[in-house]
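Participant: What follows is coords_38.csv, CSV, C-alpha atoms.
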```
chain,number,residue,atom,x,y,z
A,61,MET,CA,37.3,-83.2,-257.0
A,62,VAL,CA,33.5,-82.8,-256.8
A,63,ASP,CA,32.3,-81.7,-253.4
A,64,LYS,CA,30.5,-84.8,-252.2
A,65,ILE,CA,28.2,-82.9,-249.8
A,66,ALA,CA,27.4,-79.8,-251.8
A,67,TYR,CA,26.7,-81.9,-254.9
A,68,PRO,CA,25.0,-85.2,-254.1
A,69,VAL,CA,26.2,-88.2,-256.1
A,70,GLN,CA,23.8,-88.9,-259.0
A,71,LEU,CA,24.0,-91.5,-261.8
A,72,ILE,CA,20.5,-91.3,-263.2
A,73,GLN,CA,18.6,-88.1,-263.8
A,74,PRO,CA,14.9,-87.9,-263.1
A,75,ASP,CA,14.2,-88.1,-266.9
A,76,GLY,CA,16.2,-91.4,-267.1
A,77,ARG,CA,19.4,-90.1,-268.6
A,78,ARG,CA,22.7,-91.3,-267.2
A,79,VAL,CA,25.1,-89.1,-265.4
A,80,PHE,CA,28.8,-89.8,-266.0
A,81,ARG,CA,30.7,-89.8,-262.8
A,82,PRO,CA,33.9,-91.8,-263.3
A,83,ASP,CA,34.5,-92.2,-259.6
A,84,TYR,CA,31.1,-93.8,-259.0
A,85,THR,CA,30.2,-95.2,-262.4
A,86,SER,CA,33.1,-97.6,-262.1
A,87,LEU,CA,31.5,-99.0,-258.9
A,88,VAL,CA,28.4,-100.2,-260.8
A,89,ARG,CA,30.1,-101.3,-264.0
A,90,ASP,CA,28.9,-104.8,-263.5
A,91,ILE,CA,25.2,-103.7,-263.4
A,92,GLY,CA,24.1,-104.8,-266.9
A,93,PRO,CA,20.7,-105.1,-268.5
A,94,ASP,CA,19.6,-108.1,-266.3
A,95,GLN,CA,20.7,-106.4,-263.1
A,96,LEU,CA,19.0,-103.2,-264.1
A,97,ARG,CA,15.8,-105.1,-264.6
A,98,ASP,CA,16.2,-106.8,-261.2
A,99,LEU,CA,16.7,-103.5,-259.5
A,100,TYR,CA,13.5,-102.2,-261.1
A,101,GLU,CA,11.6,-105.3,-260.0
A,102,ASP,CA,12.8,-104.8,-256.4
A,103,LEU,CA,11.6,-101.2,-256.5
A,104,VAL,CA,8.1,-102.2,-257.8
A,105,VAL,CA,7.8,-105.1,-255.4
A,106,ALA,CA,8.8,-102.9,-252.4
A,107,ARG,CA,6.1,-100.3,-253.3
A,108,ARG,CA,3.4,-102.9,-253.9
A,109,MET,CA,4.2,-104.6,-250.6
A,110,ASP,CA,4.0,-101.2,-248.8
A,111,VAL,CA,0.7,-100.3,-250.5
A,112,GLU,CA,-0.8,-103.7,-249.4
A,113,ALA,CA,0.4,-103.2,-245.8
A,114,VAL,CA,-1.2,-99.7,-245.7
A,115,ALA,CA,-4.5,-101.2,-247.0
A,116,LEU,CA,-4.3,-103.9,-244.3
A,117,GLN,CA,-4.0,-101.2,-241.6
A,118,ARG,CA,-6.9,-99.3,-243.0
A,119,GLN,CA,-8.9,-102.5,-242.9
A,120,GLY,CA,-8.2,-103.0,-239.2
A,121,GLU,CA,-5.7,-105.9,-239.7
A,122,LEU,CA,-2.7,-104.0,-238.5
A,123,GLY,CA,-2.4,-101.6,-235.6
A,124,LEU,CA,0.1,-99.4,-237.3
A,125,TRP,CA,2.4,-99.3,-240.3
A,126,ALA,CA,5.3,-96.9,-241.3
A,127,PRO,CA,5.1,-96.4,-245.1
A,128,LEU,CA,8.2,-96.3,-247.2
A,129,LEU,CA,6.5,-94.7,-250.2
A,130,GLY,CA,9.1,-92.6,-252.1
A,131,GLN,CA,12.1,-94.1,-250.3
A,132,GLU,CA,12.4,-97.4,-252.3
A,133,ALA,CA,15.6,-96.5,-254.1
A,134,ALA,CA,17.5,-95.6,-251.0
A,135,GLN,CA,16.6,-98.9,-249.4
A,136,VAL,CA,16.9,-101.2,-252.4
A,137,GLY,CA,20.2,-99.7,-253.6
A,138,SER,CA,21.8,-99.9,-250.2
A,139,ALA,CA,20.5,-103.3,-249.4
A,140,ARG,CA,21.7,-104.8,-252.7
A,141,ALA,CA,25.2,-103.5,-251.9
A,142,LEU,CA,25.5,-105.8,-248.9
A,143,ARG,CA,27.1,-109.2,-248.9
A,144,PRO,CA,25.3,-112.1,-247.2
A,145,ASP,CA,27.6,-111.9,-244.1
A,146,ASP,CA,27.1,-108.2,-243.6
A,147,TYR,CA,24.7,-107.1,-241.0
A,148,ALA,CA,21.9,-104.5,-241.3
A,149,PHE,CA,20.5,-102.7,-238.3
A,150,ILE,CA,17.2,-101.1,-239.3
A,151,SER,CA,14.7,-98.7,-237.7
A,152,TYR,CA,11.0,-99.1,-238.5
A,153,ARG,CA,10.6,-98.1,-242.1
A,154,GLU,CA,13.1,-100.4,-243.9
A,155,HIS,CA,10.6,-102.9,-245.3
A,156,ALA,CA,12.4,-103.0,-248.6
A,157,VAL,CA,15.8,-103.7,-246.9
A,158,ALA,CA,14.1,-106.6,-245.1
A,159,TYR,CA,12.7,-107.9,-248.4
A,160,CYS,CA,16.0,-107.6,-250.2
A,161,ARG,CA,17.8,-109.5,-247.4
A,162,GLY,CA,15.4,-112.4,-247.8
A,163,VAL,CA,12.8,-111.8,-245.1
A,164,ASP,CA,9.6,-113.7,-245.8
A,165,PRO,CA,6.8,-111.2,-246.5
A,166,GLY,CA,4.4,-113.5,-244.7
A,167,VAL,CA,6.0,-112.7,-241.3
A,168,MET,CA,6.9,-109.0,-242.0
A,169,THR,CA,3.8,-107.5,-240.3
A,170,ARG,CA,3.6,-109.6,-237.2
A,171,MET,CA,5.0,-107.0,-234.9
A,172,TRP,CA,2.7,-104.4,-236.4
A,173,ARG,CA,-0.3,-106.7,-236.0
A,174,GLY,CA,0.5,-107.0,-232.3
A,175,CYS,CA,0.7,-110.8,-232.2
A,176,ALA,CA,4.5,-111.0,-231.7
A,177,HIS,CA,7.3,-109.0,-230.2
A,178,SER,CA,9.4,-109.5,-233.4
A,179,ALA,CA,8.8,-110.9,-236.9
A,180,TRP,CA,11.7,-112.9,-238.0
A,181,ASP,CA,14.9,-114.5,-236.8
A,182,PRO,CA,17.6,-111.9,-237.3
A,183,SER,CA,20.4,-114.4,-237.5
A,184,SER,CA,18.8,-116.1,-240.5
A,185,VAL,CA,19.0,-113.1,-242.7
A,186,ASN,CA,21.5,-110.8,-240.9
A,187,VAL,CA,19.0,-108.0,-240.4
A,188,THR,CA,17.4,-106.9,-237.2
A,189,ASN,CA,13.7,-106.6,-236.5
A,190,PRO,CA,12.0,-103.2,-236.6
A,191,ALA,CA,13.1,-100.9,-233.8
A,192,ILE,CA,10.8,-98.0,-232.7
A,193,VAL,CA,13.4,-96.5,-230.4
A,194,VAL,CA,14.9,-93.7,-232.5
A,195,GLY,CA,18.6,-93.8,-233.0
A,196,SER,CA,19.4,-96.8,-230.8
A,197,GLN,CA,20.4,-99.0,-233.8
A,198,GLY,CA,23.4,-96.8,-234.4
A,199,LEU,CA,24.9,-98.0,-231.1
A,200,HIS,CA,23.9,-101.6,-231.8
A,201,ALA,CA,25.5,-101.5,-235.2
A,202,THR,CA,28.7,-100.0,-233.8
A,203,GLY,CA,28.9,-102.6,-231.1
A,204,TYR,CA,28.3,-105.5,-233.5
A,205,ALA,CA,30.9,-104.1,-235.9
A,206,MET,CA,33.5,-103.8,-233.2
A,207,GLY,CA,32.8,-107.3,-232.1
A,208,ALA,CA,33.1,-108.6,-235.6
A,209,HIS,CA,36.3,-106.7,-236.1
A,210,LEU,CA,37.8,-108.2,-232.9
A,211,ASP,CA,36.8,-111.6,-234.1
A,212,GLY,CA,38.7,-111.0,-237.4
A,213,ALA,CA,35.5,-111.1,-239.6
A,214,GLU,CA,35.9,-109.0,-242.7
A,215,ILE,CA,32.3,-107.7,-242.8
A,216,ALA,CA,30.5,-104.4,-242.7
A,217,THR,CA,27.5,-103.4,-240.7
A,218,ILE,CA,25.0,-100.7,-241.7
A,219,ALA,CA,22.8,-98.7,-239.5
A,220,TYR,CA,19.6,-97.1,-241.0
A,221,PHE,CA,18.0,-94.1,-239.5
A,222,GLY,CA,16.2,-90.9,-240.5
A,223,ASP,CA,17.1,-87.2,-240.4
A,224,GLY,CA,15.3,-86.8,-237.0
A,225,ALA,CA,17.5,-89.5,-235.4
A,226,THR,CA,20.6,-87.3,-236.0
A,227,SER,CA,19.4,-85.1,-233.2
A,228,GLN,CA,19.5,-88.1,-230.7
A,229,GLY,CA,22.3,-88.6,-228.3
A,230,ASP,CA,22.5,-92.3,-229.0
A,231,LEU,CA,23.5,-91.6,-232.6
A,232,ALA,CA,26.1,-89.0,-231.5
A,233,GLU,CA,27.6,-91.6,-229.2
A,234,ALA,CA,27.7,-94.1,-232.0
A,235,LEU,CA,29.4,-91.8,-234.3
A,236,GLY,CA,32.1,-90.8,-231.8
A,237,PHE,CA,32.7,-94.3,-230.6
A,238,SER,CA,32.9,-95.8,-234.1
A,239,MET,CA,35.6,-93.3,-235.1
A,240,SER,CA,37.6,-93.8,-231.8
A,241,PHE,CA,37.8,-97.5,-232.4
A,242,ASN,CA,37.7,-97.6,-236.2
A,243,ALA,CA,34.5,-99.7,-236.3
A,244,PRO,CA,33.5,-101.1,-239.7
A,245,VAL,CA,30.1,-99.5,-239.8
A,246,VAL,CA,28.2,-97.5,-242.4
A,247,PHE,CA,25.8,-94.9,-241.0
A,248,PHE,CA,23.0,-94.6,-243.6
A,249,CYS,CA,20.7,-91.6,-243.1
A,250,GLN,CA,17.5,-91.5,-245.1
A,251,ASN,CA,16.9,-87.8,-245.1
A,252,ASN,CA,13.2,-87.9,-246.1
A,253,GLN,CA,12.8,-84.2,-245.2
A,254,PHE,CA,10.6,-84.7,-242.1
A,255,ALA,CA,11.0,-86.0,-238.6
A,256,ILE,CA,7.3,-86.8,-238.2
A,257,SER,CA,6.0,-83.2,-238.7
A,258,GLU,CA,9.2,-81.2,-238.2
A,259,PRO,CA,11.1,-80.2,-241.4
A,260,VAL,CA,14.8,-81.1,-241.7
A,261,ARG,CA,15.9,-77.5,-241.5
A,262,LEU,CA,15.0,-77.7,-237.8
A,263,GLN,CA,17.3,-80.7,-237.3
A,264,SER,CA,20.2,-79.0,-239.0
A,265,PRO,CA,20.9,-75.6,-240.7
A,266,VAL,CA,23.5,-77.4,-242.9
A,267,PRO,CA,23.4,-80.7,-244.8
A,268,ILE,CA,23.2,-83.5,-242.2
A,269,ALA,CA,26.3,-85.2,-243.7
A,270,GLN,CA,28.4,-82.3,-242.5
A,271,ARG,CA,27.7,-83.4,-238.9
A,272,ALA,CA,30.1,-86.3,-239.6
A,273,ALA,CA,33.0,-83.9,-240.0
A,274,GLY,CA,32.8,-83.1,-236.3
A,275,TYR,CA,33.8,-86.7,-235.6
A,276,GLY,CA,36.5,-86.8,-238.4
A,277,MET,CA,34.3,-89.3,-240.3
A,278,PRO,CA,34.2,-89.4,-244.2
A,279,ALA,CA,30.8,-88.4,-245.4
A,280,LEU,CA,28.9,-87.8,-248.6
A,281,ARG,CA,25.4,-87.1,-249.9
A,282,VAL,CA,23.7,-89.1,-252.6
A,283,ASP,CA,20.5,-88.7,-254.5
A,284,GLY,CA,18.4,-91.1,-252.5
A,285,ASN,CA,15.9,-91.5,-255.4
A,286,ASP,CA,18.6,-92.8,-257.7
A,287,VAL,CA,19.0,-96.6,-257.0
A,288,LEU,CA,22.2,-96.9,-259.0
A,289,ALA,CA,23.9,-94.0,-257.2
A,290,VAL,CA,22.9,-95.4,-253.8
A,291,LEU,CA,24.2,-98.8,-254.8
A,292,ALA,CA,27.5,-97.3,-255.8
A,293,VAL,CA,28.1,-95.2,-252.7
A,294,THR,CA,27.1,-98.0,-250.4
A,295,ARG,CA,29.4,-100.4,-252.1
A,296,GLN,CA,32.2,-98.0,-251.6
A,297,ALA,CA,31.4,-97.4,-248.0
A,298,THR,CA,31.0,-101.1,-247.1
A,299,GLN,CA,34.2,-101.9,-248.9
A,300,ARG,CA,36.0,-99.3,-246.7
A,301,ALA,CA,34.5,-101.0,-243.7
A,302,ARG,CA,35.6,-104.5,-244.7
A,303,GLU,CA,39.1,-103.5,-245.5
A,304,GLY,CA,39.6,-101.9,-242.1
A,305,SER,CA,39.3,-98.2,-243.1
A,306,GLY,CA,36.6,-97.4,-240.6
A,307,PRO,CA,33.1,-95.9,-240.7
A,308,THR,CA,31.4,-93.8,-243.3
A,309,PHE,CA,28.4,-91.5,-243.1
A,310,ILE,CA,25.9,-91.5,-246.1
A,311,GLU,CA,23.1,-89.0,-246.4
A,312,ALA,CA,20.6,-90.3,-248.9
A,313,VAL,CA,18.4,-87.3,-249.9
A,314,THR,CA,14.9,-88.5,-250.5
A,315,TYR,CA,11.3,-87.7,-249.6
A,316,ARG,CA,8.6,-89.5,-247.6
A,317,MET,CA,5.6,-89.3,-250.0
A,318,GLY,CA,3.2,-90.7,-247.5
A,319,PRO,CA,2.5,-90.2,-243.8
A,320,HIS,CA,5.1,-90.8,-241.1
A,321,THR,CA,2.9,-93.7,-240.0
A,322,THR,CA,-0.7,-94.6,-240.7
A,323,SER,CA,-1.7,-92.6,-237.7
A,324,ASP,CA,-0.3,-89.4,-239.2
A,325,ASP,CA,-1.9,-86.7,-241.5
A,326,PRO,CA,0.9,-85.1,-243.5
A,327,THR,CA,-1.4,-82.5,-245.1
A,328,ARG,CA,-1.3,-80.7,-241.7
A,329,TYR,CA,2.3,-79.8,-242.0
A,330,ARG,CA,3.5,-79.8,-245.6
A,331,ALA,CA,2.2,-78.2,-248.8
A,332,ALA,CA,0.8,-80.2,-251.7
A,333,ALA,CA,3.1,-78.3,-254.1
A,334,GLU,CA,6.1,-79.7,-252.3
A,335,THR,CA,4.8,-83.2,-252.6
A,336,GLU,CA,4.1,-82.7,-256.3
A,337,MET,CA,7.7,-81.5,-256.9
A,338,TRP,CA,9.0,-84.6,-255.4
A,339,LYS,CA,6.7,-86.8,-257.4
A,340,ALA,CA,8.6,-85.7,-260.5
A,341,ARG,CA,11.7,-87.3,-258.9
A,342,ASP,CA,9.9,-90.6,-258.2
A,343,PRO,CA,12.5,-93.4,-257.9
A,344,ILE,CA,10.4,-96.0,-259.8
A,345,ASP,CA,9.5,-93.7,-262.7
A,346,ARG,CA,13.2,-92.7,-262.9
A,347,MET,CA,14.4,-96.3,-263.3
A,348,ARG,CA,11.6,-97.1,-265.7
A,349,ARG,CA,12.7,-94.1,-267.9
A,350,LEU,CA,16.2,-95.4,-267.9
A,351,LEU,CA,15.1,-98.8,-269.0
A,352,GLU,CA,13.0,-97.3,-271.8
A,353,ARG,CA,15.9,-95.2,-273.0
A,354,GLU,CA,18.1,-98.3,-273.1
A,355,GLY,CA,15.5,-100.5,-274.8
A,356,LEU,CA,15.1,-102.8,-271.8
A,357,LEU,CA,11.4,-102.5,-271.2
A,358,GLY,CA,8.8,-104.8,-272.8
A,359,ASP,CA,5.3,-105.9,-272.1
A,360,GLU,CA,6.4,-109.4,-271.1
A,361,PHE,CA,8.9,-108.1,-268.6
A,362,LEU,CA,6.5,-105.6,-267.1
A,363,ALA,CA,3.8,-108.3,-266.8
A,364,ARG,CA,6.3,-110.5,-265.0
A,365,VAL,CA,7.3,-107.8,-262.6
A,366,GLN,CA,3.7,-107.0,-261.8
A,367,ALA,CA,2.9,-110.7,-261.2
A,368,THR,CA,5.8,-111.0,-258.8
A,369,ALA,CA,4.7,-107.8,-257.0
A,370,ASP,CA,1.2,-109.1,-256.7
A,371,ALA,CA,2.4,-112.5,-255.4
A,372,VAL,CA,4.5,-110.9,-252.7
A,373,ALA,CA,1.6,-108.7,-251.7
A,374,ALA,CA,-0.7,-111.7,-251.5
A,375,ARG,CA,1.9,-113.5,-249.3
A,376,LEU,CA,2.1,-110.5,-247.0
A,377,ARG,CA,-1.7,-110.3,-246.8
A,378,SER,CA,-2.2,-114.0,-246.1
A,379,GLY,CA,0.6,-114.0,-243.6
A,380,THR,CA,-1.0,-111.1,-241.8
A,381,VAL,CA,-4.6,-112.3,-241.5
A,382,GLU,CA,-3.5,-115.9,-240.8
A,383,ALA,CA,-0.9,-115.0,-238.2
A,384,PRO,CA,-1.6,-117.0,-235.0
A,385,ASP,CA,-2.4,-115.2,-231.8
A,386,PRO,CA,0.2,-116.0,-229.1
A,387,ALA,CA,-0.8,-117.9,-226.0
A,388,PRO,CA,-1.0,-115.5,-223.0
A,389,LEU,CA,1.7,-117.3,-221.1
A,390,ASP,CA,4.1,-116.8,-224.0
A,391,LEU,CA,4.6,-113.3,-222.5
A,392,PHE,CA,7.1,-114.7,-220.1
A,393,ASP,CA,9.2,-116.6,-222.6
A,394,HIS,CA,12.6,-115.2,-223.7
A,395,VAL,CA,12.6,-112.4,-221.1
A,396,TYR,CA,16.0,-113.7,-219.9
A,397,SER,CA,18.3,-116.1,-221.8
A,398,THR,CA,18.2,-118.5,-218.8
A,399,ASP,CA,15.5,-119.5,-216.3
A,400,HIS,CA,14.8,-116.8,-213.7
A,401,PRO,CA,12.9,-117.4,-210.4
A,402,LEU,CA,11.1,-114.1,-210.5
A,403,ILE,CA,9.8,-114.8,-214.0
A,404,ASP,CA,8.8,-118.3,-213.0
A,405,GLU,CA,6.8,-116.8,-210.0
A,406,GLU,CA,5.1,-114.3,-212.2
A,407,ARG,CA,4.2,-116.9,-214.8
A,408,GLU,CA,2.5,-119.0,-212.1
A,409,GLN,CA,0.6,-116.0,-210.7
A,410,TYR,CA,-0.7,-115.1,-214.1
A,411,ALA,CA,-1.6,-118.7,-214.9
A,412,ALA,CA,-3.7,-118.7,-211.7
A,413,TYR,CA,-5.3,-115.4,-212.7
A,414,LEU,CA,-6.3,-116.7,-216.1
A,415,ALA,CA,-7.6,-120.0,-214.6
A,416,GLY,CA,-9.8,-117.9,-212.3
A,417,PHE,CA,-11.3,-116.1,-215.2
A,418,ALA,CA,-11.9,-119.4,-217.0
A,419,GLY,CA,-13.7,-120.7,-214.0
A,420,ILE,CA,-16.0,-117.7,-213.9
A,421,GLU,CA,-16.8,-118.0,-217.6
A,422,GLU,CA,-17.6,-121.7,-217.1
A,423,ALA,CA,-19.9,-120.9,-214.2
A,424,LEU,CA,-21.8,-118.2,-216.1
A,425,SER,CA,-22.3,-120.5,-219.1
```
Take the structure from the file and write it as structure tokens.
Facilitator:
Amino acid sequence: MVDKIAYPVQLIQPDGRRVFRPDYTSLVRDIGPDQLRDLYEDLVVARRMDVEAVALQRQGELGLWAPLLGQEAAQVGSARALRPDDYAFISYREHAVAYCRGVDPGVMTRMWRGCAHSAWDPSSVNVTNPAIVVGSQGLHATGYAMGAHLDGAEIATIAYFGDGATSQGDLAEALGFSMSFNAPVVFFCQNNQFAISEPVRLQSPVPIAQRAAGYGMPALRVDGNDVLAVLAVTRQATQRAREGSGPTFIEAVTYRMGPHTTSDDPTRYRAAAETEMWKARDPIDRMRRLLEREGLLGDEFLARVQATADAVAARLRSGTVEAPDPAPLDLFDHVYSTDHPLIDEEREQYAAYLAGFAGIEEALS
């Protein structure tokens, strides 16, 4: 047996050649030419969407954005392994997961623009809104998974987080609780090598996946820039969850090519040579080389992919700049699930405060 931690699972080499791993190749046997092209399109669209959002932030249309550049394969591969009734609990960088789950790109930036507390209805796509609190989604995923299990639903949940989140107590509690109660949850760590400016070696002197052993949890590492390998291991983990075999920990080894967020300057804490080394492992280039080797690329196909990517980016841009500003009193909506006298009182006080300002402005005009 190959050590699944010492030797991360890989099915496509950076030069596009396939790797024969019978234990995982069989999990993606159904991925034929059309499906390979679809995966490539998802990767390209995800990057184009991300580039557009960064441009919008630089132009003053967004307050902040957390780029996913370099992590497309980890997100697309894992998201495409999910079934419609599975539930994804994301952090703040999983824009490709949201896209693959059917989130409208036109609403994807509303929280980042500051015109809404959330962007989409989670129940319509079974994926949560972005969460800035690091590691909390592990607990949420575990609780939802346990509830679904008690209800008899044969589903999987998946919690996305970064390498830095593995040092948070919330995640430690989620790992322990999920094993104690056999919760059908997949813990998906995108190890992008940096928790903001701190390198992963400061989070753990050993591979992060080894931390799962302390909880008795099955774990593996996967080449996070290999979309087929990520698809395979996530399919395996979600199937374990659905059949009642409990949680799995996946460490997807990838690299954040851009800044942590658009307020960050990565040149202050990492060397250009390191970034160049990871560029050679680019997930989109890797998939394109595979398609070239297998005669699946063509000008017509590439033009269609680019047109789709541009259309998605245009939808994201228009949805951003045309997003309506909320009414001030909307601040008090949805604080509680039912009416609350304190909220009613505060709403009335704030309405009077705003009316007073309106009166002053009218007098001055």
Participant: In terms of the shortest atom-to-atom distance over only C-alpha atoms, which of A:Val114, A:Ala133, A:Leu235, A:Ala273 is closest to Arg173 of chain A?
Facilitator: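 Among A:Val114, A:Ala133, A:Leu235, A:Ala273, it is A:Val114 that comes nearest to Arg173 of chain A.
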Participant: Have a look at atom CA of Asp286 of chain A and atom CA of Pro343 of chain A and let me know their distance in Å, one decimal.
Facilitator: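 Atom CA of Asp286 of chain A sits 6.1 Å away from atom CA of Pro343 of chain A.
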Participant: What are the closest atom pairs, with distances in Å to one decimal, for each residue of segment 249-324 of chain A lying within 12 Å of segment 93-100 of chain A, using all atoms listed in the file, rows by chain and rising residue number, as JSON lines?
Facilitator:
```
{"residue": "A:Asp286", "atom": "CA", "partner": "A:Leu99", "partner_atom": "CA", "distance": 11.0}
{"residue": "A:Val287", "atom": "CA", "partner": "A:Leu99", "partner_atom": "CA", "distance": 7.7}
{"residue": "A:Leu288", "atom": "CA", "partner": "A:Leu99", "partner_atom": "CA", "distance": 8.6}
{"residue": "A:Val290", "atom": "CA", "partner": "A:Leu99", "partner_atom": "CA", "distance": 11.7}
{"residue": "A:Leu291", "atom": "CA", "partner": "A:Leu99", "partner_atom": "CA", "distance": 10.0}
```
Participant: Closest to Pro165 of chain A among A:Ala141, A:Ile91, A:Ala179, A:Val187, using all atoms listed in the file?
Facilitator: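 Using all atoms listed in the file, Pro165 of chain A sits closest to A:Ala179.
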Participant: Can you measure atom CA of His209 of chain A to atom CA of Val282 of chain A for me? One decimal in Å is fine.
Facilitator: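 These atoms are spaced 27.2 Å apart.
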Participant: For Gly284 of chain A, which of A:Gly224, A:Pro182, A:Pro127, A:Gly137 is the closest residue, counting only C-alpha atoms?
Facilitator: A:Gly137
Participant: Skipping near chain neighbours, those fewer than 6 positions away, what residues fall within 12 Å of segment 407-418 of chain A using all atoms listed in the file, listed as an mmCIF file with C-alpha atoms, keeping the file's coordinate frame?
Facilitator:
```cif
data_model
loop_
_atom_site.group_PDB
_atom_site.id
_atom_site.type_symbol
_atom_site.label_atom_id
_atom_site.label_comp_id
_atom_site.auth_asym_id
_atom_site.auth_seq_id
_atom_site.Cartn_x
_atom_site.Cartn_y
_atom_site.Cartn_z
ATOM 1 C CA ALA A 387 -0.800 -117.900 -226.000
ATOM 2 C CA PRO A 388 -1.000 -115.500 -223.000
ATOM 3 C CA LEU A 389 1.700 -117.300 -221.100
ATOM 4 C CA ASP A 390 4.100 -116.800 -224.000
ATOM 5 C CA LEU A 391 4.600 -113.300 -222.500
ATOM 6 C CA PHE A 392 7.100 -114.700 -220.100
ATOM 7 C CA ASP A 393 9.200 -116.600 -222.600
ATOM 8 C CA VAL A 395 12.600 -112.400 -221.100
ATOM 9 C CA ASP A 399 15.500 -119.500 -216.300
ATOM 10 C CA HIS A 400 14.800 -116.800 -213.700
ATOM 11 C CA PRO A 401 12.900 -117.400 -210.400
ATOM 12 C CA LEU A 424 -21.800 -118.200 -216.100
ATOM 13 C CA SER A 425 -22.300 -120.500 -219.100
#
```
Participant: Write out as a list of chain:residue names each polymer residue whose atoms come within 9 Å of Glu214 of chain A, counting all atoms listed in the file; drop sequence neighbours fewer than 4 positions from it.
Facilitator: A:Asp145, A:Asp146, A:Ala208, A:His209, A:Pro244, A:Ala301, A:Arg302, A:Glu303, A:Gly304
Participant: Using C-alpha atoms, can you write the selected residues to a file as a compact mmCIF listing (two decimals), keeping the file's coordinate frame?
Facilitator:
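Wrote it out as again.txt, contents follow:
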```
# COMPACT_ATOMS: atom_id res chain seq x y z
CA ASP A 145 27.60 -111.90 -244.10
CA ASP A 146 27.10 -108.20 -243.60
CA ALA A 208 33.10 -108.60 -235.60
CA HIS A 209 36.30 -106.70 -236.10
CA PRO A 244 33.50 -101.10 -239.70
CA ALA A 301 34.50 -101.00 -243.70
CA ARG A 302 35.60 -104.50 -244.70
CA GLU A 303 39.10 -103.50 -245.50
CA GLY A 304 39.60 -101.90 -242.10
```
Participant: Using all atoms listed in the file, which residue out of A:Thr398, A:Gln73, A:Ser151, A:Gln263 lies closest to Val193 of chain A?
Facilitator: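 Among the listed residues, A:Ser151 lies closest to Val193 of chain A.
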Participant: Using all atoms listed in the file, pick whichever of A:Ile65, A:Ala205, A:Ile256, A:Val245 has the shortest atom-to-atom distance to Ala126 of chain A.
Facilitator: A:Ile256
Participant: Taking all atoms listed in the file into account, name the residue in A:Val79, A:Leu362, A:Ala292, A:Val266 that is nearest to Val136 of chain A.
Facilitator: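 Smallest separation from Val136 of chain A among the options: A:Ala292.
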Participant: Using only C-alpha atoms, what residues lie at most 6 Å away from (8.8, -109.5, -243.0) (file coordinates), given as number ranges by chain?
Facilitator: A: 163-165, 167-168
Participant: Please indicate the distance in Å from atom CA of Thr169 of chain A to atom CA of Ala383 of chain A, rounded to one decimal place.
Facilitator: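 Atom CA of Ala383 of chain A lies at a distance of 9.1 Å from atom CA of Thr169 of chain A.
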Participant: Would you mind listing what lies within 10 Å of Gly162 of chain A as an mmCIF file with C-alpha atoms, in the coordinates of the input, with all atoms listed in the file counted and same-chain residues fewer than 6 positions away left out?
Facilitator:
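After the write, part01.cif holds the following:
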```cif
data_model
loop_
_atom_site.group_PDB
_atom_site.id
_atom_site.type_symbol
_atom_site.label_atom_id
_atom_site.label_comp_id
_atom_site.auth_asym_id
_atom_site.auth_seq_id
_atom_site.Cartn_x
_atom_site.Cartn_y
_atom_site.Cartn_z
ATOM 1 C CA PRO A 144 25.300 -112.100 -247.200
ATOM 2 C CA ALA A 156 12.400 -103.000 -248.600
ATOM 3 C CA SER A 184 18.800 -116.100 -240.500
ATOM 4 C CA VAL A 185 19.000 -113.100 -242.700
ATOM 5 C CA ASN A 186 21.500 -110.800 -240.900
ATOM 6 C CA VAL A 187 19.000 -108.000 -240.400
#
```
Participant: Just the residues within 10 Å of Ala191 of chain A, please, counting all atoms listed in the file, with nothing from its chain fewer than 4 positions along; format it as a PDB file with C-alpha atoms, keeping the file's coordinate frame.
Facilitator:
```pdb
ATOM      1  CA  PHE A 149      20.500-102.700-238.300  1.00  0.00           C
ATOM      2  CA  ILE A 150      17.200-101.100-239.300  1.00  0.00           C
ATOM      3  CA  SER A 151      14.700 -98.700-237.700  1.00  0.00           C
ATOM      4  CA  TYR A 152      11.000 -99.100-238.500  1.00  0.00           C
ATOM      5  CA  ARG A 153      10.600 -98.100-242.100  1.00  0.00           C
ATOM      6  CA  SER A 178       9.400-109.500-233.400  1.00  0.00           C
ATOM      7  CA  GLY A 195      18.600 -93.800-233.000  1.00  0.00           C
ATOM      8  CA  SER A 196      19.400 -96.800-230.800  1.00  0.00           C
ATOM      9  CA  GLN A 197      20.400 -99.000-233.800  1.00  0.00           C
TER      10      GLN A 197
END
```
